[in-house]
file run.txt (compact mmCIF, C-alpha atoms and all ligand atoms)
# COMPACT_ATOMS: atom_id res chain seq x y z
CA MET A 11 -40.40 0.57 -1.99
CA ASP A 12 -40.96 3.30 0.59
CA THR A 13 -38.89 6.27 -0.45
CA THR A 14 -40.24 8.88 2.01
CA ASP A 15 -37.12 8.63 4.09
CA VAL A 16 -34.82 8.98 1.08
CA VAL A 17 -36.75 11.98 -0.25
CA GLU A 18 -36.44 13.69 3.11
CA THR A 19 -32.70 12.99 3.34
CA LEU A 20 -32.19 14.24 -0.21
CA ASP A 21 -34.12 17.45 0.49
CA ASN A 22 -32.06 18.12 3.59
CA LEU A 23 -28.78 17.45 1.82
CA VAL A 24 -29.68 19.66 -1.12
CA ALA A 25 -30.70 22.46 1.27
CA ASP A 26 -27.44 22.09 3.18
CA ALA A 27 -25.42 22.11 -0.03
CA THR A 28 -27.18 25.33 -1.05
CA ASP A 29 -26.50 26.95 2.34
CA HIS A 30 -22.82 26.04 2.22
CA HIS A 31 -22.22 26.72 -1.43
CA TYR A 32 -18.88 28.40 -2.14
CA SER A 33 -16.61 29.00 -5.06
CA PRO A 34 -13.62 26.66 -4.99
CA TYR A 35 -11.76 29.17 -7.16
CA THR A 36 -11.73 31.87 -4.51
CA ARG A 37 -11.98 29.74 -1.39
CA PHE A 38 -8.24 29.31 -0.72
CA ASP A 39 -5.27 31.57 -0.21
CA TRP A 40 -2.69 29.71 -2.23
CA VAL A 41 0.66 30.53 -0.67
CA ASP A 42 3.60 30.92 -3.03
CA GLU A 43 5.36 27.90 -1.69
CA LEU A 44 5.28 25.29 1.01
CA ALA A 45 8.65 24.45 2.55
CA GLU A 46 9.68 20.84 2.10
CA GLU A 47 10.82 20.62 5.69
CA GLN A 48 7.53 20.43 7.51
CA TRP A 49 4.77 17.85 8.04
CA TRP A 50 2.63 17.75 4.91
CA MET A 51 0.62 14.91 6.31
CA THR A 52 -0.15 13.68 9.81
CA PRO A 53 2.81 11.33 10.57
CA ASP A 54 0.47 8.60 11.80
CA LEU A 55 -1.16 8.51 8.34
CA LEU A 56 2.10 7.82 6.51
CA THR A 57 2.49 4.36 4.98
CA VAL A 58 5.55 3.74 7.16
CA ALA A 59 3.69 4.41 10.45
CA GLY A 60 4.15 1.58 12.93
CA THR A 61 6.99 0.00 10.96
CA ARG A 62 10.72 0.08 11.68
CA HIS A 63 11.12 2.73 8.97
CA ALA A 64 9.15 5.24 11.02
CA ARG A 65 11.82 4.84 13.69
CA GLU A 66 14.86 4.51 11.43
CA LEU A 67 14.26 7.38 9.02
CA ASP A 68 15.16 10.74 10.53
CA GLU A 69 12.60 13.49 10.87
CA LYS A 70 13.80 15.32 7.80
CA GLN A 71 13.42 12.19 5.66
CA LEU A 72 9.97 11.52 7.09
CA MET A 73 8.91 15.08 6.33
CA ARG A 74 10.09 14.67 2.76
CA LEU A 75 8.12 11.43 2.57
CA SER A 76 5.06 13.23 3.98
CA LYS A 77 5.28 15.76 1.17
CA TRP A 78 5.16 13.14 -1.57
CA GLU A 79 2.58 11.02 0.21
CA SER A 80 0.33 14.08 0.42
CA ILE A 81 0.79 14.73 -3.32
CA ASN A 82 -0.04 11.06 -3.91
CA PHE A 83 -3.11 11.24 -1.68
CA PHE A 84 -4.46 14.24 -3.58
CA SER A 85 -3.53 12.62 -6.91
CA LEU A 86 -5.55 9.54 -5.95
CA ASN A 87 -8.44 11.86 -5.19
CA ILE A 88 -8.19 13.42 -8.63
CA HIS A 89 -8.34 10.02 -10.33
CA GLY A 90 -11.11 8.79 -8.04
CA ILE A 91 -13.15 11.91 -8.77
CA ARG A 92 -12.67 11.41 -12.51
CA GLU A 93 -14.27 7.98 -12.23
CA LEU A 94 -17.17 9.15 -10.11
CA LEU A 95 -17.87 12.18 -12.32
CA ILE A 96 -18.06 9.88 -15.33
CA GLU A 97 -20.28 7.32 -13.61
CA VAL A 98 -22.67 9.79 -11.98
CA THR A 99 -22.93 11.84 -15.18
CA ARG A 100 -23.87 8.65 -17.04
CA ARG A 101 -26.80 8.15 -14.64
CA ILE A 102 -28.15 11.60 -13.81
CA HIS A 103 -31.69 12.14 -15.19
CA THR A 104 -31.96 8.59 -16.47
CA ARG A 105 -34.62 6.07 -15.55
CA GLY A 106 -34.23 4.85 -11.99
CA PHE A 107 -32.25 7.91 -10.88
CA GLU A 108 -35.10 10.45 -10.92
CA LEU A 109 -35.00 10.92 -7.14
CA PRO A 110 -31.32 11.66 -6.59
CA SER A 111 -30.81 13.73 -9.76
CA GLU A 112 -31.24 17.07 -7.99
CA PHE A 113 -28.68 15.95 -5.44
CA PHE A 114 -26.41 14.70 -8.24
CA HIS A 115 -26.21 18.24 -9.61
CA ARG A 116 -24.76 19.40 -6.29
CA PHE A 117 -22.55 16.36 -6.09
CA LEU A 118 -21.12 16.85 -9.59
CA GLY A 119 -20.58 20.56 -8.99
CA GLU A 120 -18.83 19.96 -5.69
CA GLU A 121 -16.67 17.15 -7.04
CA ASN A 122 -15.59 19.27 -9.98
CA GLY A 123 -14.47 21.88 -7.43
CA HIS A 124 -12.65 19.27 -5.35
CA MET A 125 -10.80 17.96 -8.37
CA TRP A 126 -9.76 21.50 -9.19
CA PHE A 127 -8.36 22.35 -5.75
CA PHE A 128 -6.61 18.99 -5.37
CA ALA A 129 -4.99 19.51 -8.77
CA GLN A 130 -3.99 23.05 -7.78
CA PHE A 131 -2.32 21.71 -4.68
CA CYS A 132 -0.44 18.96 -6.54
CA LEU A 133 0.72 21.19 -9.38
CA ARG A 134 1.64 24.21 -7.27
CA TYR A 135 3.52 22.41 -4.53
CA GLY A 136 4.49 19.07 -6.08
CA GLY A 137 4.87 20.19 -9.69
CA LYS A 138 2.93 17.12 -10.85
CA ILE A 139 0.01 14.77 -10.43
CA TYR A 140 0.98 11.13 -9.96
CA PRO A 141 -0.51 9.15 -12.86
CA ASP A 142 -3.41 6.77 -12.44
CA LYS A 143 -2.32 3.13 -12.32
CA SER A 144 -5.68 1.60 -13.03
CA LEU A 145 -6.67 -0.25 -16.14
CA PRO A 146 -8.03 2.26 -18.70
CA VAL A 147 -10.51 -0.24 -20.15
CA ALA A 148 -12.13 -2.12 -17.30
CA THR A 149 -14.23 -5.19 -18.03
CA PRO A 150 -17.79 -3.86 -18.15
CA GLU A 151 -20.38 -5.31 -15.80
CA GLU A 152 -23.28 -6.40 -18.02
CA ASP A 153 -25.98 -6.65 -15.38
CA ALA A 154 -27.18 -3.03 -15.04
CA ALA A 155 -28.52 -3.42 -11.50
CA VAL A 156 -25.21 -4.91 -10.37
CA ALA A 157 -23.26 -2.22 -12.23
CA ASN A 158 -25.30 0.55 -10.54
CA PHE A 159 -24.79 -0.97 -7.12
CA LEU A 160 -21.04 -1.43 -7.65
CA VAL A 161 -20.52 2.11 -8.93
CA PHE A 162 -22.04 3.65 -5.81
CA ALA A 163 -20.42 1.12 -3.48
CA ARG A 164 -17.00 1.96 -4.96
CA ILE A 165 -17.64 5.69 -4.67
CA LEU A 166 -18.71 5.29 -1.05
CA ILE A 167 -15.69 3.18 -0.08
CA PHE A 168 -13.33 5.64 -1.74
CA GLU A 169 -15.01 8.65 -0.09
CA GLU A 170 -14.87 6.99 3.33
CA LEU A 171 -11.15 6.31 3.01
CA VAL A 172 -10.50 9.88 1.94
CA ASP A 173 -12.71 11.25 4.70
CA HIS A 174 -10.77 9.43 7.37
CA PHE A 175 -7.63 11.22 6.18
CA ASN A 176 -9.42 14.58 5.75
CA ILE A 177 -10.91 14.55 9.24
CA ARG A 178 -7.59 13.78 10.88
CA MET A 179 -5.56 16.27 8.86
CA GLY A 180 -8.22 18.96 9.10
CA ARG A 181 -7.73 19.08 12.84
CA ASP A 182 -3.99 18.40 13.05
CA THR A 183 -2.60 21.72 14.30
CA THR A 184 0.98 20.73 13.44
CA LEU A 185 0.11 21.02 9.73
CA HIS A 186 0.34 24.20 7.66
CA PRO A 187 -2.99 26.11 7.72
CA LEU A 188 -3.45 25.65 3.97
CA ILE A 189 -3.02 21.88 4.21
CA ARG A 190 -5.48 21.73 7.08
CA GLU A 191 -7.93 23.86 5.19
CA VAL A 192 -7.87 21.81 1.98
CA ASN A 193 -8.66 18.74 4.06
CA GLN A 194 -11.31 20.48 6.14
CA VAL A 195 -13.11 22.07 3.18
CA HIS A 196 -13.23 18.70 1.48
CA HIS A 197 -14.62 17.00 4.57
CA ASP A 198 -17.28 19.72 4.92
CA ASP A 199 -18.73 18.65 1.54
CA GLU A 200 -18.00 14.96 1.74
CA TRP A 201 -20.18 14.14 4.71
CA ARG A 202 -23.21 14.88 2.52
CA HIS A 203 -21.91 12.58 -0.20
CA ILE A 204 -21.32 9.85 2.35
CA ILE A 205 -24.81 10.09 3.83
CA MET A 206 -26.33 9.94 0.37
CA GLY A 207 -23.91 7.21 -0.65
CA ARG A 208 -25.05 4.99 2.20
CA LYS A 209 -28.70 5.48 1.28
CA LEU A 210 -28.03 4.71 -2.37
CA VAL A 211 -25.87 1.68 -1.67
CA GLY A 212 -28.57 0.31 0.65
CA LEU A 213 -31.34 0.97 -1.90
CA LEU A 214 -29.42 -0.45 -4.84
CA TYR A 215 -28.44 -3.57 -2.92
CA GLU A 216 -32.03 -4.44 -1.89
CA PRO A 217 -33.17 -5.81 -5.27
CA LEU A 218 -29.97 -7.83 -5.52
CA ARG A 219 -30.54 -9.33 -2.10
CA GLU A 220 -34.14 -10.14 -3.07
CA ARG A 221 -33.00 -12.18 -6.05
CA GLY A 222 -31.90 -14.84 -3.60
CA ASP A 223 -28.86 -15.58 -5.75
CA GLN A 224 -26.23 -16.64 -3.24
CA GLU A 225 -23.51 -16.91 -5.84
CA LEU A 226 -24.02 -13.29 -6.85
CA ARG A 227 -23.93 -12.11 -3.25
CA GLU A 228 -20.69 -13.98 -2.62
CA ARG A 229 -19.17 -12.51 -5.76
CA LEU A 230 -20.05 -8.98 -4.62
CA ASP A 231 -18.76 -9.68 -1.13
CA VAL A 232 -15.40 -10.90 -2.43
CA TYR A 233 -15.16 -8.08 -4.96
CA LEU A 234 -15.86 -5.32 -2.44
CA ARG A 235 -13.42 -6.70 0.09
CA ARG A 236 -10.78 -6.86 -2.65
CA TYR A 237 -11.71 -3.34 -3.69
CA ILE A 238 -11.08 -2.08 -0.16
CA THR A 239 -7.70 -3.83 -0.12
CA ALA A 240 -6.79 -2.43 -3.54
CA SER A 241 -7.75 1.08 -2.37
CA VAL A 242 -5.46 0.90 0.61
CA GLN A 243 -2.64 -0.46 -1.55
CA SER A 244 -2.88 2.57 -3.81
CA LEU A 245 -1.55 4.66 -0.93
CA TYR A 246 1.75 2.78 -1.27
CA ASN A 247 3.34 4.21 -4.38
CA PRO A 248 6.93 3.37 -5.43
CA ALA A 249 7.15 6.71 -7.26
CA VAL A 250 6.49 8.46 -3.93
CA TYR A 251 9.26 6.51 -2.24
CA ARG A 252 11.64 7.39 -5.07
CA ASP A 253 10.72 11.07 -4.84
CA ALA A 254 11.32 10.89 -1.10
CA GLY A 255 14.79 9.48 -1.75
CA VAL A 256 14.09 5.94 -0.51
CA PRO A 257 16.32 3.41 -2.30
CA GLU A 258 14.78 0.23 -3.77
CA ALA A 259 11.33 1.76 -3.87
CA PHE A 260 9.48 -1.28 -5.19
CA ALA A 261 10.95 -3.61 -2.56
CA PHE A 262 10.26 -0.97 0.09
CA ARG A 263 6.58 -0.96 -0.91
CA GLU A 264 6.37 -4.76 -0.79
CA GLU A 265 8.00 -4.79 2.61
CA LEU A 266 5.57 -2.23 4.02
CA LEU A 267 2.58 -4.10 2.62
CA ARG A 268 3.80 -7.31 4.25
CA ASP A 269 4.45 -5.64 7.61
CA PRO A 270 1.95 -7.02 10.15
CA ALA A 271 1.92 -3.66 11.96
CA ARG A 272 0.14 -2.10 8.99
CA ALA A 273 -3.02 -4.23 9.26
CA ALA A 274 -4.29 -2.33 12.30
CA TYR A 275 -3.85 0.96 10.42
CA HIS A 276 -5.77 -0.35 7.43
CA GLU A 277 -8.51 -1.53 9.74
CA THR A 278 -8.78 1.96 11.23
CA PHE A 279 -8.93 3.70 7.84
CA PHE A 280 -11.96 1.63 6.84
CA LYS A 281 -13.57 1.05 10.21
CA ARG A 282 -16.69 3.13 9.53
CA ILE A 283 -17.43 1.78 6.06
CA THR A 284 -16.63 -1.82 6.99
CA ARG A 285 -19.01 -1.60 9.91
CA PHE A 286 -21.71 -0.21 7.62
CA LEU A 287 -21.27 -2.85 4.90
CA VAL A 288 -21.17 -5.69 7.43
CA SER A 289 -24.28 -4.36 9.22
CA GLN A 290 -26.13 -4.31 5.88
CA ASP A 291 -25.03 -7.88 5.16
CA ILE A 292 -23.29 -6.68 2.02
CA ILE A 293 -19.86 -7.95 3.02
CA THR A 294 -19.22 -10.76 5.50
CA ALA A 295 -16.22 -9.31 7.33
CA SER A 296 -13.46 -6.75 7.29
CA PRO A 297 -10.89 -7.60 4.61
CA PHE A 298 -8.14 -6.95 7.13
CA GLN A 299 -9.30 -9.41 9.73
CA GLU A 300 -7.30 -12.31 8.32
CA ALA A 301 -4.24 -10.11 7.98
CA ALA A 302 -4.54 -8.86 11.56
CA ALA A 303 -5.12 -12.33 13.06
CA MET B 6 18.06 -10.62 -20.92
CA ALA B 7 14.45 -9.81 -21.71
CA THR B 8 13.70 -13.54 -21.46
CA ASP B 9 14.63 -13.61 -17.77
CA VAL B 10 12.54 -10.57 -17.17
CA ILE B 11 9.44 -11.98 -18.85
CA GLU B 12 9.89 -15.21 -16.87
CA GLN B 13 9.65 -13.14 -13.71
CA VAL B 14 6.32 -11.77 -14.92
CA ARG B 15 5.12 -15.28 -15.76
CA ALA B 16 6.20 -16.56 -12.34
CA TRP B 17 4.47 -13.66 -10.61
CA LEU B 18 1.21 -14.37 -12.47
CA LEU B 19 1.43 -18.09 -11.75
CA ALA B 20 2.04 -17.42 -8.06
CA ARG B 21 -1.18 -15.43 -7.93
CA ASN B 22 -3.13 -18.13 -9.73
CA PRO B 23 -2.13 -21.40 -8.01
CA GLU B 24 -4.69 -23.42 -10.01
CA VAL B 25 -3.06 -22.43 -13.31
CA THR B 26 -0.11 -24.45 -14.61
CA GLY B 27 0.94 -22.50 -17.68
CA ILE B 28 0.33 -19.24 -19.51
CA GLY B 29 0.61 -19.07 -23.29
CA TRP B 30 2.39 -16.21 -25.03
CA ASP B 31 -0.83 -14.94 -26.59
CA GLU B 32 -3.24 -15.70 -23.81
CA ASP B 33 -5.19 -12.56 -22.88
CA LEU B 34 -4.35 -12.03 -19.22
CA ILE B 35 -7.54 -10.11 -18.51
CA ASP B 36 -10.05 -12.20 -20.50
CA SER B 37 -8.61 -15.37 -18.98
CA ARG B 38 -8.96 -13.78 -15.53
CA LEU B 39 -5.31 -14.27 -14.66
CA ILE B 40 -5.45 -10.64 -13.64
CA ASP B 41 -8.40 -8.30 -13.15
CA SER B 42 -8.83 -4.57 -12.80
CA LEU B 43 -8.16 -4.72 -9.06
CA ASP B 44 -4.87 -6.60 -9.52
CA PHE B 45 -3.77 -4.59 -12.49
CA PRO B 46 -2.00 -1.72 -10.67
CA HIS B 47 0.13 -4.32 -8.94
CA LEU B 48 1.19 -5.83 -12.26
CA LEU B 49 1.90 -2.37 -13.64
CA LEU B 50 4.18 -1.54 -10.69
CA LEU B 51 6.02 -4.83 -11.18
CA LEU B 52 6.49 -4.06 -14.87
CA GLU B 53 7.77 -0.58 -14.04
CA GLU B 54 10.24 -2.11 -11.63
CA LEU B 55 11.43 -4.57 -14.28
CA ALA B 56 11.51 -1.90 -16.99
CA GLY B 57 13.43 0.44 -14.72
CA ARG B 58 11.17 3.35 -15.62
CA GLU B 59 7.62 4.57 -15.26
CA LEU B 60 5.31 3.24 -17.91
CA GLU B 61 2.67 5.30 -19.52
CA LEU B 62 -0.65 3.57 -19.79
CA THR B 63 -3.19 4.76 -22.32
CA PRO B 64 -6.34 3.28 -23.89
CA GLU B 65 -4.26 2.93 -27.06
CA ASN B 66 -1.24 1.08 -25.68
CA VAL B 67 -3.04 -1.02 -23.07
CA VAL B 68 -3.33 -3.90 -25.54
CA GLY B 69 0.43 -4.42 -25.19
CA PHE B 70 -0.08 -5.14 -21.50
CA ARG B 71 -2.64 -7.87 -22.07
CA THR B 72 -0.42 -10.75 -23.19
CA LEU B 73 3.01 -12.03 -22.22
CA ARG B 74 4.14 -11.55 -25.83
CA GLY B 75 2.96 -7.92 -25.77
CA ILE B 76 4.69 -7.30 -22.49
CA ARG B 77 7.91 -8.88 -23.73
CA ASP B 78 7.97 -7.22 -27.15
CA THR B 79 6.58 -3.79 -26.37
CA VAL B 80 6.37 -2.94 -22.66
CA LEU B 81 9.66 -4.56 -21.66
CA ALA B 82 11.32 -4.44 -25.07
CA ASP B 83 14.15 -2.28 -23.81
CA ALA B 84 14.07 -3.54 -20.22
CA THR B 85 17.66 -4.64 -20.08
CA GLY B 86 18.93 -2.78 -23.11
CA ALA B 87 20.78 0.51 -23.19
CA GLY B 88 17.49 2.31 -23.89
CA ALA B 89 16.12 1.79 -20.41
CA VAL B 90 16.03 4.96 -18.39
CA SER B 91 16.91 4.32 -14.80
CA HIS B 92 14.72 5.53 -11.96
CA GLU B 93 17.67 6.67 -9.95
FE FE A 401 -14.80 15.08 -3.16
FE FE A 402 -17.51 13.28 -2.66
call {"tool": "encode", "arguments": {"input": "run.txt", "output": "structure tokens", "more": "lines below"}}
Ligand SMILES: [Fe+2]
Ligand SMILES: [Fe+2]
result
Amino acid sequence: MDTTDVVETLDNLVADATDHHYSPYTRFDWVDELAEEQWWMTPDLLTVAGTRHARELDEKQLMRLSKWESINFFSLNIHGIRELLIEVTRRIHTRGFELPSEFFHRFLGEENGHMWFFAQFCLRYGGKIYPDKSLPVATPEEDAAVANFLVFARILIFEELVDHFNIRMGRDTTLHPLIREVNQVHHDDEWRHIIMGRKLVGLLYEPLRERGDQELRERLDVYLRRYITASVQSLYNPAVYRDAGVPEAFAFREELLRDPARAAYHETFFKRITRFLVSQDIITASPFQEAAA
Amino acid sequence: MATDVIEQVRAWLLARNPEVTGIGWDEDLIDSRLIDSLDFPHLLLLLEELAGRELELTPENVVGFRTLRGIRDTVLADATGAGAVSHE
């Protein structure tokens, strides 16, 4: 395997991480409070966008919803980071991960900082972190090469979803400067993780492709498309709707998820990563294509 | 009654697994692939809705979520009783 290209990318990313190193603990000016009545999230990123609820709820109600959806978004980040810290820590300086280990040190350091500032945001302004709804004991993947590939594919998909939100909120001038900044600072680190993630996912998939095991490739295709769908569904949280004062929160969630207008939004959130995975022949199509048709 | 509630869970699982005709009380929902880690949050939200409260999920209590009997006797034990704390 020719790794010249990967080595060069890694060197550049490590150098960039060094140049842009900062302390998360002093990076932000945490204001004493954030008023409930303001946009906490870009309205177009809310789970009601495009549905009748975006038109029927008044602005005050939508703002309240945006507050709890932003706390949910950062809570999802916290839980996602926990998983990736565990999985990357398991692999750093082990056989097969000699090349990216230097980068992993930066990655782990940065993610620890991200988890800290997301938690600060949730606890200071929401008074809580929404709990993780995933299964605490997942069924382990026994094939190590498959497990390695899936870990980095999951991390990449998750980071791409988050980055879509960060980019848009980082430049949304209607948002409070602190909210914009949290999103922008995260994006400024994440692009490195995403570049590295793509390299790793490509490298780790190669040996699986070379096995010529069609059944395995189909299983991974189906799994990753379901993973993308499950990630988008985690944005729809009944506890958020309850906190925002929406009655019948569970039914509300089901209704939103069934709303055909939402498919185009989901497609947009994952456009970049879907295009990448399809171009690499890792997945066969966007998981939202059927829904949008 | 808790029986009605557990039947809703059974019906929900069967609807997601059209090739399956029945689910035993002690069948492990995860090992038998009736539900996997990607579907699990969905099941948890349904159970919270039926329980009328948020459910805490820990490595220790997760076993109660793995069978219909566990769900009926532990997770949803007080689902329709006076002990259930309402969301509202
Ligand atoms: Fe991050
Ligand atoms: Fe990251």
call {"tool": "interface_residues", "arguments": {"input": "run.txt", "of": "chain A", "to": "chain B", "cutoff": "10 Å", "atoms": "only C-alpha atoms", "output": "list in words"}}
result
Pro141, Asp142, Lys143, Ser144, Leu145, Pro146, Val147, Ala148, Thr149, Tyr233, Arg236, Tyr237, Ile238, Thr239, Ala240, Ser241, Gln243, Ser244, Asn247, Pro248, Ala249, Arg252, Asp253, Gly255, Pro257, Glu258, Ala259, Phe260 and Ala261 of chain A
call {"tool": "write_last_selection", "arguments": {"input": "run.txt", "atoms": "C-alpha atoms", "output": "PDB file, keeping the file's coordinate frame"}}
result
ATOM      1  CA  PRO A 141      -0.510   9.150 -12.860  1.00  0.00           C
ATOM      2  CA  ASP A 142      -3.410   6.770 -12.440  1.00  0.00           C
ATOM      3  CA  LYS A 143      -2.320   3.130 -12.320  1.00  0.00           C
ATOM      4  CA  SER A 144      -5.680   1.600 -13.030  1.00  0.00           C
ATOM      5  CA  LEU A 145      -6.670  -0.250 -16.140  1.00  0.00           C
ATOM      6  CA  PRO A 146      -8.030   2.260 -18.700  1.00  0.00           C
ATOM      7  CA  VAL A 147     -10.510  -0.240 -20.150  1.00  0.00           C
ATOM      8  CA  ALA A 148     -12.130  -2.120 -17.300  1.00  0.00           C
ATOM      9  CA  THR A 149     -14.230  -5.190 -18.030  1.00  0.00           C
ATOM     10  CA  TYR A 233     -15.160  -8.080  -4.960  1.00  0.00           C
ATOM     11  CA  ARG A 236     -10.780  -6.860  -2.650  1.00  0.00           C
ATOM     12  CA  TYR A 237     -11.710  -3.340  -3.690  1.00  0.00           C
ATOM     13  CA  ILE A 238     -11.080  -2.080  -0.160  1.00  0.00           C
ATOM     14  CA  THR A 239      -7.700  -3.830  -0.120  1.00  0.00           C
ATOM     15  CA  ALA A 240      -6.790  -2.430  -3.540  1.00  0.00           C
ATOM     16  CA  SER A 241      -7.750   1.080  -2.370  1.00  0.00           C
ATOM     17  CA  GLN A 243      -2.640  -0.460  -1.550  1.00  0.00           C
ATOM     18  CA  SER A 244      -2.880   2.570  -3.810  1.00  0.00           C
ATOM     19  CA  ASN A 247       3.340   4.210  -4.380  1.00  0.00           C
ATOM     20  CA  PRO A 248       6.930   3.370  -5.430  1.00  0.00           C
ATOM     21  CA  ALA A 249       7.150   6.710  -7.260  1.00  0.00           C
ATOM     22  CA  ARG A 252      11.640   7.390  -5.070  1.00  0.00           C
ATOM     23  CA  ASP A 253      10.720  11.070  -4.840  1.00  0.00           C
ATOM     24  CA  GLY A 255      14.790   9.480  -1.750  1.00  0.00           C
ATOM     25  CA  PRO A 257      16.320   3.410  -2.300  1.00  0.00           C
ATOM     26  CA  GLU A 258      14.780   0.230  -3.770  1.00  0.00           C
ATOM     27  CA  ALA A 259      11.330   1.760  -3.870  1.00  0.00           C
ATOM     28  CA  PHE A 260       9.480  -1.280  -5.190  1.00  0.00           C
ATOM     29  CA  ALA A 261      10.950  -3.610  -2.560  1.00  0.00           C
TER      30      ALA A 261
END
call {"tool": "closest_residue", "arguments": {"input": "run.txt", "among": "A:Ile96, A:Ile102, A:Leu118, A:Leu67", "to": "ligand FE 402 (chain A)", "atoms": "only C-alpha atoms and all ligand atoms"}}
result
A:Leu118
call {"tool": "closest_residue", "arguments": {"input": "run.txt", "among": "A:Glu277, A:Glu169, A:Glu264, A:Asp182", "to": "ligand FE 401 (chain A)", "atoms": "all atoms listed in the file"}}
result
A:Glu169
call {"tool": "atom_distance", "arguments": {"input": "run.txt", "atom1": "atom CA of Ala155 of chain A", "atom2": "atom CA of Arg208 of chain A"}}
result
16.4 Å
call {"tool": "residues_near_point", "arguments": {"input": "run.txt", "point": "(-25.6, -7.7, -9.6)", "cutoff": "10 Å", "atoms": "only C-alpha atoms", "output": "PyMOL selection string"}}
result
chain A and resi 151-160+214-215+217-219+221+223+226-227+229-230
call {"tool": "residues_near_ligand", "arguments": {"input": "run.txt", "ligand": "ligand FE 401 (chain A)", "cutoff": "6 Å", "atoms": "all atoms listed in the file", "output": "JSON, numbers by chain"}}
result
{"A": [121, 124, 200]}
call {"tool": "residues_near_ligand", "arguments": {"input": "run.txt", "ligand": "ligand FE 402 (chain A)", "cutoff": "10 Å", "atoms": "all atoms listed in the file", "output": "PyMOL selection string"}}
result
chain A and resi 87+90-91+94-95+117-118+120-122+124-125+165-166+168-170+172-173+196-204+206-207
call {"tool": "closest_residue", "arguments": {"input": "run.txt", "among": "A:Lys70, A:Thr99, A:Thr61, A:Leu234", "to": "Leu266 of chain A", "atoms": "all atoms listed in the file"}}
result
A:Thr61
call {"tool": "atom_distance", "arguments": {"input": "run.txt", "atom1": "atom CA of Arg101 of chain A", "atom2": "atom CA of Thr28 of chain A"}}
result
21.9 Å
call {"tool": "atom_distance", "arguments": {"input": "run.txt", "atom1": "atom CA of His63 of chain A", "atom2": "atom CA of Leu75 of chain A"}}
result
11.2 Å
call {"tool": "decode", "arguments": {"input": "run.txt", "residues": "segment 241-245 of chain A", "atoms": "all heavy atoms", "output": "JSON list (two decimals), in the first residue's frame"}}
result
[["chain", "number", "residue", "atom", "x", "y", "z"],
["A", 241, "SER", "N", -28.83, 8.48, 12.81],
["A", 241, "SER", "CA", -28.21, 9.73, 13.28],
["A", 241, "SER", "C", -29.16, 10.90, 13.12],
["A", 241, "SER", "O", -29.30, 11.73, 14.00],
["A", 241, "SER", "CB", -26.93, 10.06, 12.50],
["A", 241, "SER", "OG", -26.06, 8.98, 12.50],
["A", 242, "VAL", "N", -29.82, 10.94, 11.97],
["A", 242, "VAL", "CA", -30.73, 12.07, 11.75],
["A", 242, "VAL", "C", -31.93, 11.97, 12.70],
["A", 242, "VAL", "O", -32.42, 12.98, 13.21],
["A", 242, "VAL", "CB", -31.14, 12.19, 10.27],
["A", 242, "VAL", "CG1", -32.32, 11.32, 9.91],
["A", 242, "VAL", "CG2", -31.43, 13.64, 9.92],
["A", 243, "GLN", "N", -32.35, 10.75, 12.99],
["A", 243, "GLN", "CA", -33.51, 10.58, 13.89],
["A", 243, "GLN", "C", -33.19, 11.04, 15.31],
["A", 243, "GLN", "O", -34.09, 11.43, 16.05],
["A", 243, "GLN", "CB", -33.98, 9.12, 13.88],
["A", 243, "GLN", "CG", -34.69, 8.78, 12.56],
["A", 243, "GLN", "CD", -35.07, 7.33, 12.44],
["A", 243, "GLN", "OE1", -34.61, 6.49, 13.21],
["A", 243, "GLN", "NE2", -35.91, 7.02, 11.47],
["A", 244, "SER", "N", -31.90, 10.99, 15.67],
["A", 244, "SER", "CA", -31.55, 11.40, 17.03],
["A", 244, "SER", "C", -31.74, 12.90, 17.25],
["A", 244, "SER", "O", -31.78, 13.37, 18.38],
["A", 244, "SER", "CB", -30.11, 10.98, 17.36],
["A", 244, "SER", "OG", -29.19, 11.67, 16.53],
["A", 245, "LEU", "N", -31.88, 13.64, 16.15],
["A", 245, "LEU", "CA", -32.16, 15.08, 16.30],
["A", 245, "LEU", "C", -33.59, 15.32, 16.79],
["A", 245, "LEU", "O", -33.90, 16.38, 17.31],
["A", 245, "LEU", "CB", -31.98, 15.80, 14.96],
["A", 245, "LEU", "CG", -30.56, 15.79, 14.34],
["A", 245, "LEU", "CD1", -30.63, 16.28, 12.90],
["A", 245, "LEU", "CD2", -29.61, 16.65, 15.15]]
